[in-house]
Amino acid sequence: MTSLFSRFSPLLFIALAGVLGLVAVALAVSGLALPAYVLGGLALLGQVLALIGLLRERRLVVEVTAMLKRLKAGDLEARVARIEGSSPIELLAWEANDVIDFADAFVREATASLEAVSRQVYYRRVITTGMPGAYRRGADAINAATDAMQHKIKNFAAARGTFEQNTAHVVSDLATVTLEIGAAARQIGAAAGSTTERTAAAVAASGEARSNLETVAAATEQLNASIAEISHQIHRTAEIAHEAKRETTEANVRTQVLIKSAERVRQVVALIKEVADHTNLIALNATIEAARAGEAGRGFAVVANEVKNLAGQSARAADEITGHVTEIEGGVGAVSGAIKAASDVITAMDEAAGSIASAMEEQSAATKEIARSVEQALASATTVAGNMDGVQRATGETQKSATGLSQSSADLETHSGRLSGSVGAFLDELKKVI
Amino acid sequence: MTVDRSLTGRERFFESSDVIVTKTDLKGRITYANRTFLNIANLDVRHALNAPHSLIRHPDMPRCVFWLLWETIQAGKEIFAYVLNRAVNGDHYWVFAHVTPSFGEQGEIIGYHSNRRVPRREPIDTVIKPIYAELLAVENSHANRKDGMHAAVVALTEKLKSAKVSYDEFIFSI
Ligand SMILES: Cc1cc2nc3c(=O)[nH]c(=O)nc-3n(C[C@H](O)[C@H](O)[C@H](O)COP(=O)(O)O)c2cc1C
């Protein structure tokens, strides 16, 4: 039955029934009743068959219409599954199925490919094999878009990778640096604090040192003055000593002359005494002679006597002189000894003065040295004090900036923490994208 | 109905402009087949409709491939596979099959759909045939069908793992 309908169109049955009907009418008119009935019956059968065929075709039309309606509503599952012949209507139904198959295939492909892209899977392309016309062009466009996206995403992913690496480095470096800066700031602060204390102590110490040095300088100056005075006096003493020595030498020379003169006097006196003694002897002789001569000799005796007296007086005078000379000699000796002792004292004094003078000179040089050193020390102390002022100021500023730095590093820490957080969040977002 | 498993060794081909289309219910019974399918499988509509899809199963196909197919589509996902089919007259033909679930208004799976295109020949000869032969051998080395199939699934999984690709990537890479 089915194969019958799939082979013969209802139109054939209608045509056949028509012809049979006409022939049946003709037979009936001719009075041939029996054949007319038979043909009429056959015509009726043909009509029934035609009706059945038409109803089958109508069913297909209804089915195709219903399918197209579902298709219109976007239901791509609709098909006319049971098509058993190849009548024009059945071929129409097959074509309708094919149309939906292509639409269905395109939608499945496009959906799957785009879903894959949304999952960042780029190898899932729209399969274009067997895809005709506009579908093919649409599919090509989708694939080209996926290509472009894949390319961009690849580049972007590479860039993101680099970015991630770099930011990871930067962020960790930043964190390290921040910590280091913080630590450094604290160290600087502490150092500046203790520097301030030490500087204050140093300033105080240098002030004290300066006043001490000033005292020393004043004392040294005084000492210098005393040394100069002593030196001056020693020079004076030396001069006097030299003068005295010269004078004692002169006195000595004079004493020698005196001793020689006294010696001479003694010799002269001895000569006088000899002469007086001799004269006395002669006068004695003359007296004797005069006595012998008597009166004539008396006058002579008187003169001789006179001469004797005179000679006696001369001898006594000579003795007296000798006594004086001895006395003088004794005095001169004492004087000479005194002079010698004085000279010795002076020499000793001179030597002492010389060594004192050289000691003083040394002392003076040393003192001058001290004075110079003290002066230098004082200058240094002044410089130190000045520098300490600077140091103190600088330290104050350092401490201030260390506090600032500490604050900044704390800020930096917060910021780098935030940076790290937002970079992380950013990367997380990026990873969601790619 | 007795199952005819005889093979002719003849290979059938279809036009690359054609797509073999079938739809099935949730159990894999054919609910729609297009003319290309009927032609190549040598079937008529009456025999195709309501028949299980294994109607055209080829004995050289490893069972584990169908297991993977069903696992995938029942999870609501698509799968691609190179499939060797057997026309009911005993001829055979290769397809590049794309099997997908069909979804209802609420997103529920209401059936399955398969589009098969003309496959590229080269990967079939160089990659698919040797792998399928290997998997089939694994399956046949077990007395129990199920054990054999599981062993083959494990073998396939290991192969993919050592190549560091997913099944999908593998299919698209060949
Ligand atoms: C939509 C759809 C299409 C399928 N197409 C085929 C096919 O072309 N060839 C095939 O052998 N199995 C196909 N299957 C898988 C079969 O349902 C079945 O699992 C397979 O033939 C293995 O059969 P068996 O378990 O009886 O060995 C298809 C399944 C679905 C859901």
# chains A, B, ... in the order shown; residues from 1 in each chain; ligands from 1
call {"tool": "residues_near_ligand", "arguments": {"ligand": "ligand 1", "cutoff": "6 Å", "atoms": "only C-alpha atoms and all ligand atoms", "output": "PyMOL selection string"}}
result
chain B and resi 23-24+28+53-54+56-58+66+85+99+112-114
call {"tool": "interface_residues", "arguments": {"of": "chain A", "to": "chain B", "cutoff": "9 Å", "atoms": "only C-alpha atoms", "output": "list in words"}}
result
Glu77, Arg79, Val80, Ala81, Arg82, Ile83, Glu84, Trp94, Asn97, Asp98, Asp101, Phe102, Ala105, Arg108, Ala112, Tyr123, Arg124, Ile127, Thr129, Gly130, Met131 and Pro132 of chain A
call {"tool": "select_by_dssp", "arguments": {"residues": "range 38-133 of chain B", "states": "helix (DSSP H, G or I)", "output": "VMD selection string"}}
result
chain B and resid 38 to 41 45 to 48 53 to 56 63 to 74 121 to 133
call {"tool": "write_last_selection", "arguments": {"atoms": "C-alpha atoms", "output": "PDB file, in the first residue's frame"}}
result
ATOM      1  CA  LEU B  38      19.724   6.723   4.869  1.00  0.00           C
ATOM      2  CA  ASN B  39      21.682   6.536   1.619  1.00  0.00           C
ATOM      3  CA  ILE B  40      25.080   5.774   3.065  1.00  0.00           C
ATOM      4  CA  ALA B  41      23.775   3.406   5.750  1.00  0.00           C
ATOM      5  CA  VAL B  45      13.168   5.423   6.941  1.00  0.00           C
ATOM      6  CA  ARG B  46      10.996   2.744   8.427  1.00  0.00           C
ATOM      7  CA  HIS B  47      13.976   0.662   9.480  1.00  0.00           C
ATOM      8  CA  ALA B  48      15.926   3.622  10.744  1.00  0.00           C
ATOM      9  CA  HIS B  53      22.032   3.829  16.810  1.00  0.00           C
ATOM     10  CA  SER B  54      24.176   0.786  17.345  1.00  0.00           C
ATOM     11  CA  LEU B  55      22.328  -0.411  14.275  1.00  0.00           C
ATOM     12  CA  ILE B  56      25.278   0.848  12.260  1.00  0.00           C
ATOM     13  CA  ARG B  63      33.742   0.240  22.892  1.00  0.00           C
ATOM     14  CA  CYS B  64      35.554   2.816  25.026  1.00  0.00           C
ATOM     15  CA  VAL B  65      35.035   5.488  22.348  1.00  0.00           C
ATOM     16  CA  PHE B  66      31.259   5.165  22.711  1.00  0.00           C
ATOM     17  CA  TRP B  67      31.597   5.091  26.467  1.00  0.00           C
ATOM     18  CA  LEU B  68      33.455   8.445  26.254  1.00  0.00           C
ATOM     19  CA  LEU B  69      30.809   9.684  23.819  1.00  0.00           C
ATOM     20  CA  TRP B  70      27.938   8.940  26.159  1.00  0.00           C
ATOM     21  CA  GLU B  71      29.809  10.244  29.242  1.00  0.00           C
ATOM     22  CA  THR B  72      30.375  13.514  27.419  1.00  0.00           C
ATOM     23  CA  ILE B  73      26.983  14.145  25.916  1.00  0.00           C
ATOM     24  CA  GLN B  74      25.133  13.067  29.058  1.00  0.00           C
ATOM     25  CA  ARG B 121      41.925  10.817   5.482  1.00  0.00           C
ATOM     26  CA  GLU B 122      45.429  11.309   6.742  1.00  0.00           C
ATOM     27  CA  PRO B 123      44.752  11.282  10.509  1.00  0.00           C
ATOM     28  CA  ILE B 124      42.510   8.235  10.090  1.00  0.00           C
ATOM     29  CA  ASP B 125      45.275   6.188   8.522  1.00  0.00           C
ATOM     30  CA  THR B 126      48.194   7.471  10.579  1.00  0.00           C
ATOM     31  CA  VAL B 127      46.679   8.075  14.003  1.00  0.00           C
ATOM     32  CA  ILE B 128      43.138   6.822  14.484  1.00  0.00           C
ATOM     33  CA  LYS B 129      43.395   3.339  12.998  1.00  0.00           C
ATOM     34  CA  PRO B 130      46.459   2.340  15.052  1.00  0.00           C
ATOM     35  CA  ILE B 131      44.997   3.751  18.260  1.00  0.00           C
ATOM     36  CA  TYR B 132      41.618   2.107  17.713  1.00  0.00           C
ATOM     37  CA  ALA B 133      43.322  -1.198  16.932  1.00  0.00           C
TER      38      ALA B 133
END
call {"tool": "residues_around", "arguments": {"residues": "range 135-141 of chain B", "least_positions_apart": "3", "cutoff": "10 Å", "atoms": "only C-alpha atoms", "output": "mmCIF file with C-alpha atoms, in the first residue's frame"}}
result
data_model
loop_
_atom_site.group_PDB
_atom_site.id
_atom_site.type_symbol
_atom_site.label_atom_id
_atom_site.label_comp_id
_atom_site.auth_asym_id
_atom_site.auth_seq_id
_atom_site.Cartn_x
_atom_site.Cartn_y
_atom_site.Cartn_z
ATOM 1 C CA PRO B 59 32.884 -4.268 15.047
ATOM 2 C CA ASP B 60 36.295 -2.571 14.655
ATOM 3 C CA MET B 61 35.181 0.410 16.755
ATOM 4 C CA PRO B 62 36.508 0.209 20.327
ATOM 5 C CA ARG B 63 33.742 0.240 22.892
ATOM 6 C CA CYS B 64 35.554 2.816 25.026
ATOM 7 C CA VAL B 65 35.035 5.488 22.348
ATOM 8 C CA LYS B 129 43.395 3.339 12.998
ATOM 9 C CA PRO B 130 46.459 2.340 15.052
ATOM 10 C CA ILE B 131 44.997 3.751 18.260
ATOM 11 C CA TYR B 132 41.618 2.107 17.713
ATOM 12 C CA ASN B 144 34.597 -9.598 30.644
ATOM 13 C CA ARG B 145 33.374 -6.871 28.218
ATOM 14 C CA LYS B 146 33.086 -4.257 30.912
ATOM 15 C CA ASP B 147 36.562 -4.936 32.316
ATOM 16 C CA GLY B 148 37.990 -4.739 28.825
ATOM 17 C CA MET B 149 36.308 -1.432 28.169
ATOM 18 C CA HIS B 150 37.514 0.073 31.453
ATOM 19 C CA ALA B 151 41.037 -1.067 30.698
ATOM 20 C CA ALA B 152 40.781 0.598 27.293
ATOM 21 C CA VAL B 153 39.456 3.818 28.862
ATOM 22 C CA VAL B 154 42.453 3.792 31.201
ATOM 23 C CA ALA B 155 44.800 3.167 28.268
ATOM 24 C CA LEU B 156 43.283 6.064 26.305
#
call {"tool": "atom_distance", "arguments": {"atom1": "CA of Glu320 in chain A", "atom2": "CA of Asp277 in chain A"}}
result
14.6 Å
call {"tool": "residues_around", "arguments": {"residues": "range 205-217 of chain A", "least_positions_apart": "4", "cutoff": "8 Å", "atoms": "only C-alpha atoms", "output": "VMD selection string"}}
result
chain A and resid 201 221 371 374 to 375 377 to 378 381 to 382 384 to 385
call {"tool": "atom_distance", "arguments": {"atom1": "CA of Thr128 in chain A", "atom2": "CA of Asp140 in chain A"}}
result
7.6 Å
call {"tool": "atom_distance", "arguments": {"atom1": "CA of Ala262 in chain A", "atom2": "CA of Ile346 in chain A"}}
result
28.2 Å
call {"tool": "residues_around", "arguments": {"residues": "Ser6 in chain B", "least_positions_apart": "4", "cutoff": "10 Å", "atoms": "only C-alpha atoms", "output": "list in words"}}
result
His58, Pro59, Arg86, Val88, Asn89, Gly90 and Asp91 of chain B
call {"tool": "residues_around", "arguments": {"residues": "Ile356 in chain A", "least_positions_apart": "3", "cutoff": "12 Å", "atoms": "only C-alpha atoms", "output": "ChimeraX atom specification"}}
result
/A:227,230-235,237-238,348-353,359-364
call {"tool": "write_last_selection", "arguments": {"atoms": "all heavy atoms", "output": "short mmCIF file (atom, residue, chain, number, x, y, z; two decimals), in the first residue's frame"}}
result
data_model
loop_
_atom_site.label_atom_id
_atom_site.label_comp_id
_atom_site.auth_asym_id
_atom_site.auth_seq_id
_atom_site.Cartn_x
_atom_site.Cartn_y
_atom_site.Cartn_z
N ILE A 227 109.62 84.34 82.74
CA ILE A 227 110.85 83.80 82.18
C ILE A 227 111.67 84.91 81.54
O ILE A 227 112.88 85.02 81.74
CB ILE A 227 110.54 82.69 81.15
CG1 ILE A 227 110.09 81.42 81.90
CG2 ILE A 227 111.74 82.39 80.26
CD1 ILE A 227 109.49 80.39 81.02
N ILE A 230 113.18 86.89 84.36
CA ILE A 230 114.29 86.15 84.96
C ILE A 230 115.49 86.18 84.02
O ILE A 230 116.62 86.47 84.41
CB ILE A 230 113.88 84.69 85.26
CG1 ILE A 230 112.87 84.66 86.42
CG2 ILE A 230 115.08 83.82 85.58
CD1 ILE A 230 112.17 83.34 86.60
N SER A 231 115.19 85.92 82.79
CA SER A 231 116.22 85.90 81.78
C SER A 231 116.96 87.24 81.74
O SER A 231 118.19 87.29 81.72
CB SER A 231 115.54 85.64 80.44
OG SER A 231 116.40 85.00 79.58
N HIS A 232 116.12 88.26 81.76
CA HIS A 232 116.69 89.62 81.76
C HIS A 232 117.59 89.81 82.96
O HIS A 232 118.75 90.26 82.84
CB HIS A 232 115.52 90.62 81.78
CG HIS A 232 115.97 92.05 81.83
ND1 HIS A 232 116.59 92.65 80.75
CD2 HIS A 232 115.88 92.99 82.83
CE1 HIS A 232 116.87 93.90 81.09
NE2 HIS A 232 116.45 94.13 82.36
N GLN A 233 117.10 89.45 84.12
CA GLN A 233 117.86 89.63 85.36
C GLN A 233 119.13 88.80 85.33
O GLN A 233 120.19 89.26 85.75
CB GLN A 233 116.99 89.25 86.54
CG GLN A 233 115.83 90.22 86.66
CD GLN A 233 115.30 90.36 88.06
OE1 GLN A 233 115.76 89.65 88.97
NE2 GLN A 233 114.35 91.27 88.23
N ILE A 234 118.99 87.57 84.79
CA ILE A 234 120.17 86.72 84.72
C ILE A 234 121.22 87.36 83.81
O ILE A 234 122.41 87.38 84.12
CB ILE A 234 119.78 85.31 84.24
CG1 ILE A 234 119.16 84.56 85.43
CG2 ILE A 234 120.96 84.55 83.68
CD1 ILE A 234 118.62 83.23 85.10
N HIS A 235 120.72 87.90 82.73
CA HIS A 235 121.66 88.61 81.86
C HIS A 235 122.34 89.75 82.59
O HIS A 235 123.55 89.91 82.50
CB HIS A 235 120.91 89.13 80.62
CG HIS A 235 120.85 88.09 79.55
ND1 HIS A 235 119.83 88.02 78.64
CD2 HIS A 235 121.68 87.09 79.23
CE1 HIS A 235 120.05 87.01 77.84
NE2 HIS A 235 121.19 86.41 78.20
N THR A 237 122.73 89.97 85.77
CA THR A 237 123.63 89.35 86.76
C THR A 237 124.94 88.95 86.08
O THR A 237 126.03 89.23 86.57
CB THR A 237 122.96 88.11 87.37
OG1 THR A 237 121.67 88.48 87.85
CG2 THR A 237 123.79 87.53 88.50
N ALA A 238 124.78 88.34 84.94
CA ALA A 238 125.95 87.89 84.21
C ALA A 238 126.84 89.08 83.85
O ALA A 238 128.07 89.02 84.01
CB ALA A 238 125.52 87.16 82.95
N ALA A 348 131.76 81.05 89.75
CA ALA A 348 130.72 80.04 90.01
C ALA A 348 129.35 80.61 89.69
O ALA A 348 128.50 79.96 89.04
CB ALA A 348 130.78 79.59 91.46
N MET A 349 129.18 81.86 90.13
CA MET A 349 127.90 82.51 89.90
C MET A 349 127.63 82.67 88.41
O MET A 349 126.52 82.40 87.92
CB MET A 349 127.91 83.89 90.59
CG MET A 349 126.53 84.42 90.84
SD MET A 349 126.61 86.02 91.67
CE MET A 349 126.88 87.10 90.29
N ASP A 350 128.70 83.05 87.70
CA ASP A 350 128.57 83.25 86.25
C ASP A 350 128.15 81.94 85.58
O ASP A 350 127.22 81.90 84.76
CB ASP A 350 129.92 83.72 85.69
CG ASP A 350 129.73 84.35 84.33
OD1 ASP A 350 128.57 84.79 84.03
OD2 ASP A 350 130.69 84.36 83.54
N GLU A 351 128.90 80.87 86.03
CA GLU A 351 128.56 79.56 85.44
C GLU A 351 127.10 79.19 85.72
O GLU A 351 126.35 78.77 84.83
CB GLU A 351 129.49 78.48 85.99
CG GLU A 351 130.75 78.35 85.18
CD GLU A 351 131.84 77.52 85.90
OE1 GLU A 351 131.47 76.77 86.85
OE2 GLU A 351 133.01 77.62 85.50
N ALA A 352 126.75 79.41 87.04
CA ALA A 352 125.36 79.10 87.43
C ALA A 352 124.38 79.93 86.60
O ALA A 352 123.39 79.41 86.07
CB ALA A 352 125.17 79.40 88.91
N ALA A 353 124.71 81.21 86.47
CA ALA A 353 123.83 82.10 85.69
C ALA A 353 123.72 81.60 84.26
O ALA A 353 122.63 81.58 83.67
CB ALA A 353 124.37 83.53 85.73
N ALA A 359 118.98 77.10 80.75
CA ALA A 359 117.76 76.41 81.20
C ALA A 359 116.55 77.27 80.92
O ALA A 359 115.50 76.79 80.44
CB ALA A 359 117.86 76.09 82.69
N MET A 360 116.75 78.56 81.22
CA MET A 360 115.65 79.50 81.00
C MET A 360 115.29 79.57 79.51
O MET A 360 114.12 79.64 79.14
CB MET A 360 116.04 80.90 81.50
CG MET A 360 115.76 81.07 82.96
SD MET A 360 114.00 80.81 83.28
CE MET A 360 114.03 80.41 84.99
N GLU A 361 116.37 79.56 78.72
CA GLU A 361 116.13 79.61 77.27
C GLU A 361 115.29 78.41 76.83
O GLU A 361 114.30 78.54 76.12
CB GLU A 361 117.46 79.58 76.52
CG GLU A 361 117.46 80.55 75.36
CD GLU A 361 118.60 81.55 75.46
OE1 GLU A 361 118.42 82.57 76.14
OE2 GLU A 361 119.64 81.25 74.89
N GLU A 362 115.75 77.23 77.35
CA GLU A 362 115.00 76.02 77.04
C GLU A 362 113.56 76.15 77.52
O GLU A 362 112.60 75.85 76.80
CB GLU A 362 115.64 74.80 77.71
CG GLU A 362 116.71 74.16 76.85
CD GLU A 362 117.54 73.13 77.64
OE1 GLU A 362 116.94 72.45 78.50
OE2 GLU A 362 118.75 73.03 77.38
N GLN A 363 113.46 76.61 78.75
CA GLN A 363 112.14 76.79 79.35
C GLN A 363 111.29 77.71 78.48
O GLN A 363 110.14 77.44 78.17
CB GLN A 363 112.31 77.41 80.76
CG GLN A 363 111.00 77.59 81.50
CD GLN A 363 110.36 76.26 81.84
OE1 GLN A 363 111.04 75.35 82.34
NE2 GLN A 363 109.08 76.12 81.53
N SER A 364 111.95 78.75 78.06
CA SER A 364 111.26 79.76 77.25
C SER A 364 110.77 79.13 75.94
O SER A 364 109.61 79.29 75.55
CB SER A 364 112.19 80.91 76.95
OG SER A 364 111.55 81.77 76.05
#
